[in-house]
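*Asks:* Before I ask anything, let me first share the structure, which is written out below as structure tokens.
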Amino acid sequence: MSPEAARIRKAAVAGQFYPGSKERLEETVRSMIAGGRARKAIGAMVPHAGYEYSGAIAGEVYAKVATPDLFVILGPNHRGLGPPASIMTEGTWRLPGGDAFVDRTLGGDILRNSRTLAADEAAHSREHSIEVQLPFLMHLKKEVRFVPVSMMTSDAGVCRDIGMAVAAAIRDERRGVLVIASSDMSHYETQEVAEEKDRHALERILALDPAGLLDTVRDRDISMCGAAPAAVMLYACRELGATSASLVRYATSGDVNGDYLQVVGYAGVIVE
């Protein structure tokens with residue numbers, strides 16, 4: 001039995017954040033991946049709310065980046081399970097649309113290069129932030145191989161350590177890799193406040209400034225759940241030679257449901 005078959009991580013939020021049947025999921029994802037010219041990217045930031053709210057932005061990002069052989073997906077730990085920073089280095093994630101496989105080689109290299117990551121499955125068992133990215137990738141690739149990293153800390157030193165570990169592992173990898181940060185922006189602010197706060201956070205992301213992003217999120221009390229994954233992604237991308245970032249689109253939940261008194265912000269960013 002292969003390591004992938006031996007460790008099955010079952011879908012935790014199918015039927016909640018995205019459709020629970022293979023047919024409906026494929027139809028939904030297909031409708032959200034708009035046409036467009038895909039370009040090679042080093043990293044991306046993609047939202048992770050229910051597809052009805054942020055799926056269109058996620059789909060627009062994935063339509064605009066070329067899909068390489070491997071993905072490192074960094075997400076926040078909403079559930080509080082496991083250690084502060086957790087990686088899975090083997091196993092299979094089983095979704096309604098099929099299976100996605102954790103890449104043992106790349107995952108092991110990232111873990112060996114880091115002083116702060118711990119190999120752990122509990123942190124990933126119920127978390128949605130990474131899971132919701134996989135149907136988009138599975139739509140674009142016949143076989144998805146990835147490495148999931150879950151962050152429960154926003155310590156700048158930890159973020160830098162993991163970013164450098166990811167970059168070092170990718171530098172030694174012959175296959176192409178895209179680093180994905182899964183993050184939503186401000187939570188439960190008015191539309192006006194959310195847009196203002198998120199503008200400051202996005203300025204730091206577009207400036208490829210991970211330390212500045214973490215400082216801004218802290219100092220301005222921005223409830224951006226994936227600030228640490230975004231910082232890790234930026235550290236890794238800068239180390240791999242990134243020189244620019246572009247905003248694909250920003251929107252809020254209010255733009256979908258008409259409630260502008262308590263919104264959640266969503267942004268898609270591509271790093272090259």
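As shown in the structure tokens, the chain order sets the letters A, B, ...; within each chain, residues go from 1, and ligands are also counted from 1 in the order they appear.
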What's around stretch 7-12 of chain A at 12 Å? Count only C-alpha atoms, leave out sequence neighbours fewer than 3 positions away in its own chain, and write the answer as a VMD selection string.

*Replies:* chain A and resid 1 to 4 15 to 21 79 88 to 102 121 to 132 134 to 135 148

*Asks:* Give the strand (DSSP E or B) residues of stretch 10-236 of chain A, as DSSP finds them on the backbone, and put them as a PyMOL selection string.

*Replies:* chain A and resi 10+14+18+39+43-46+65+70-76+85-87+92-95+98-102+118-119+145-151+177-182+187-189

*Asks:* Using only C-alpha atoms, which residues sit within 12 Å of A:Ala56 once same-chain residues fewer than 6 positions away are excluded, as a PyMOL selection string?

*Replies:* chain A and resi 28-35+46-50+62-63+136+248-253+255-256+266-268

*Asks:* Create the file for the chosen residues now, containing N, CA and C atoms and written as a compact mmCIF listing (two decimals), in the first residue's frame.

*Replies:*
# COMPACT_ATOMS: atom_id res chain seq x y z
N THR A 28 -19.63 23.98 -10.68
CA THR A 28 -19.43 25.24 -9.98
C THR A 28 -18.04 25.80 -10.24
N VAL A 29 -17.03 24.96 -10.12
CA VAL A 29 -15.66 25.42 -10.32
C VAL A 29 -15.45 25.86 -11.77
N ARG A 30 -16.01 25.10 -12.70
CA ARG A 30 -15.87 25.46 -14.12
C ARG A 30 -16.45 26.85 -14.39
N SER A 31 -17.55 27.16 -13.75
CA SER A 31 -18.19 28.46 -13.96
C SER A 31 -17.40 29.61 -13.33
N MET A 32 -16.56 29.29 -12.35
CA MET A 32 -15.83 30.33 -11.64
C MET A 32 -14.43 30.57 -12.18
N ILE A 33 -13.91 29.65 -12.96
CA ILE A 33 -12.60 29.86 -13.57
C ILE A 33 -12.82 30.52 -14.91
N ALA A 34 -12.71 31.83 -14.88
CA ALA A 34 -12.96 32.62 -16.09
C ALA A 34 -11.82 32.44 -17.08
N GLY A 35 -12.12 32.73 -18.33
CA GLY A 35 -11.09 32.67 -19.34
C GLY A 35 -10.05 33.76 -19.13
N VAL A 46 -5.07 33.81 -2.30
CA VAL A 46 -6.41 33.45 -2.76
C VAL A 46 -7.34 33.37 -1.55
N PRO A 47 -8.57 33.88 -1.64
CA PRO A 47 -9.50 33.79 -0.49
C PRO A 47 -10.05 32.39 -0.31
N HIS A 48 -10.66 32.15 0.88
CA HIS A 48 -11.10 30.79 1.19
C HIS A 48 -12.48 30.72 1.84
N ALA A 49 -13.33 31.69 1.58
CA ALA A 49 -14.69 31.63 2.12
C ALA A 49 -15.53 30.65 1.30
N GLY A 50 -16.81 30.53 1.66
CA GLY A 50 -17.70 29.73 0.84
C GLY A 50 -17.68 30.22 -0.59
N TYR A 62 -6.83 31.72 -10.26
CA TYR A 62 -6.34 30.47 -10.83
C TYR A 62 -6.39 30.46 -12.35
N ALA A 63 -7.31 31.21 -12.93
CA ALA A 63 -7.37 31.30 -14.38
C ALA A 63 -6.19 32.08 -14.95
N PHE A 136 -10.24 23.82 -7.25
CA PHE A 136 -9.79 24.65 -8.37
C PHE A 136 -8.57 24.02 -9.04
N VAL A 248 -5.53 41.13 -8.39
CA VAL A 248 -6.48 40.62 -9.38
C VAL A 248 -7.84 41.26 -9.16
N ARG A 249 -8.33 41.19 -7.92
CA ARG A 249 -9.61 41.81 -7.60
C ARG A 249 -9.81 41.83 -6.10
N TYR A 250 -10.53 42.85 -5.64
CA TYR A 250 -10.93 42.95 -4.24
C TYR A 250 -12.45 43.12 -4.20
N ALA A 251 -13.09 42.46 -3.25
CA ALA A 251 -14.53 42.59 -3.07
C ALA A 251 -14.85 42.22 -1.63
N THR A 252 -16.10 42.38 -1.25
CA THR A 252 -16.52 41.98 0.09
C THR A 252 -17.79 41.13 0.00
N SER A 253 -18.12 40.51 1.12
CA SER A 253 -19.35 39.73 1.18
C SER A 253 -20.57 40.60 0.92
N ASP A 255 -20.87 42.80 -1.30
CA ASP A 255 -21.09 42.88 -2.74
C ASP A 255 -21.91 41.70 -3.25
N VAL A 256 -21.99 40.65 -2.43
CA VAL A 256 -22.78 39.47 -2.79
C VAL A 256 -24.16 39.49 -2.15
N TYR A 266 -12.31 40.11 0.60
CA TYR A 266 -11.64 39.06 -0.17
C TYR A 266 -10.75 39.70 -1.23
N ALA A 267 -9.53 39.18 -1.36
CA ALA A 267 -8.62 39.72 -2.35
C ALA A 267 -7.86 38.60 -3.03
N GLY A 268 -7.59 38.78 -4.32
CA GLY A 268 -6.75 37.86 -5.06
C GLY A 268 -5.51 38.58 -5.54

*Asks:* Can you pull out every residue within 9 Å of A:Ile205, counting only C-alpha atoms, but drop anything in the same chain fewer than 5 positions away, and send it as a PyMOL selection string?

*Replies:* chain A and resi 200+210+212-213+230-231+234+245+269

*Asks:* Restricting the calculation to only C-alpha atoms: of A:Gly226, A:Gly241, A:Gly157, A:Pro68, which residue gets closest to A:Arg171?

*Replies:*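 Using only C-alpha atoms, the shortest distance to A:Arg171 belongs to A:Gly241.
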
*Asks:* Show which residues sit within 6 Å of stretch 106-114 of chain A, as an NGL selection string. Count only C-alpha atoms, and ignore same-chain residues fewer than 5 positions away.

*Replies:* :A and (89 or 147 or 162 or 165-166 or 169)

*Asks:* Of the residues A:Glu27, A:Asp198, A:Tyr53, A:Ala85, which is the one nearest to A:Gly258, using only C-alpha atoms?

*Replies:*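 Distance minimum relative to A:Gly258 lands on A:Tyr53.
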
*Asks:* Restricting the calculation to only C-alpha atoms: of A:Asn257, A:Ser244, A:Thr67, A:Ser223, which residue gets closest to A:Glu52?

*Replies:*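 Looking at the shortest contact to A:Glu52, the residue is A:Asn257.
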
*Asks:* Using only C-alpha atoms, can you tell me which of A:Leu70, A:Ala44, A:Val263, A:Leu137 comes closest to A:Ile170?

*Replies:*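 Selected residue with least distance to A:Ile170: A:Leu70.
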
*Asks:* Hey, which of A:Phe71, A:Ala236, A:Asp219, A:Ala168 ends up closest to A:Glu143? Count only C-alpha atoms.

*Replies:*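 Ranked by minimum distance to A:Glu143, first place goes to A:Phe71.
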
*Asks:* Given only C-alpha atoms as the basis, pick out the residue of A:Ser150, A:Arg220, A:Leu202, A:Pro84 nearest to A:Thr116.

*Replies:*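 Checking each of A:Ser150, A:Arg220, A:Leu202, A:Pro84 against A:Thr116, counting only C-alpha atoms, the winner is A:Pro84.
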
*Asks:* Just the number, please: distance in Å from atom CA of A:Ala227 to atom CA of A:Arg104, one decimal.

*Replies:*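 Taking atom CA of A:Ala227 and atom CA of A:Arg104, their separation equals 26.2 Å.
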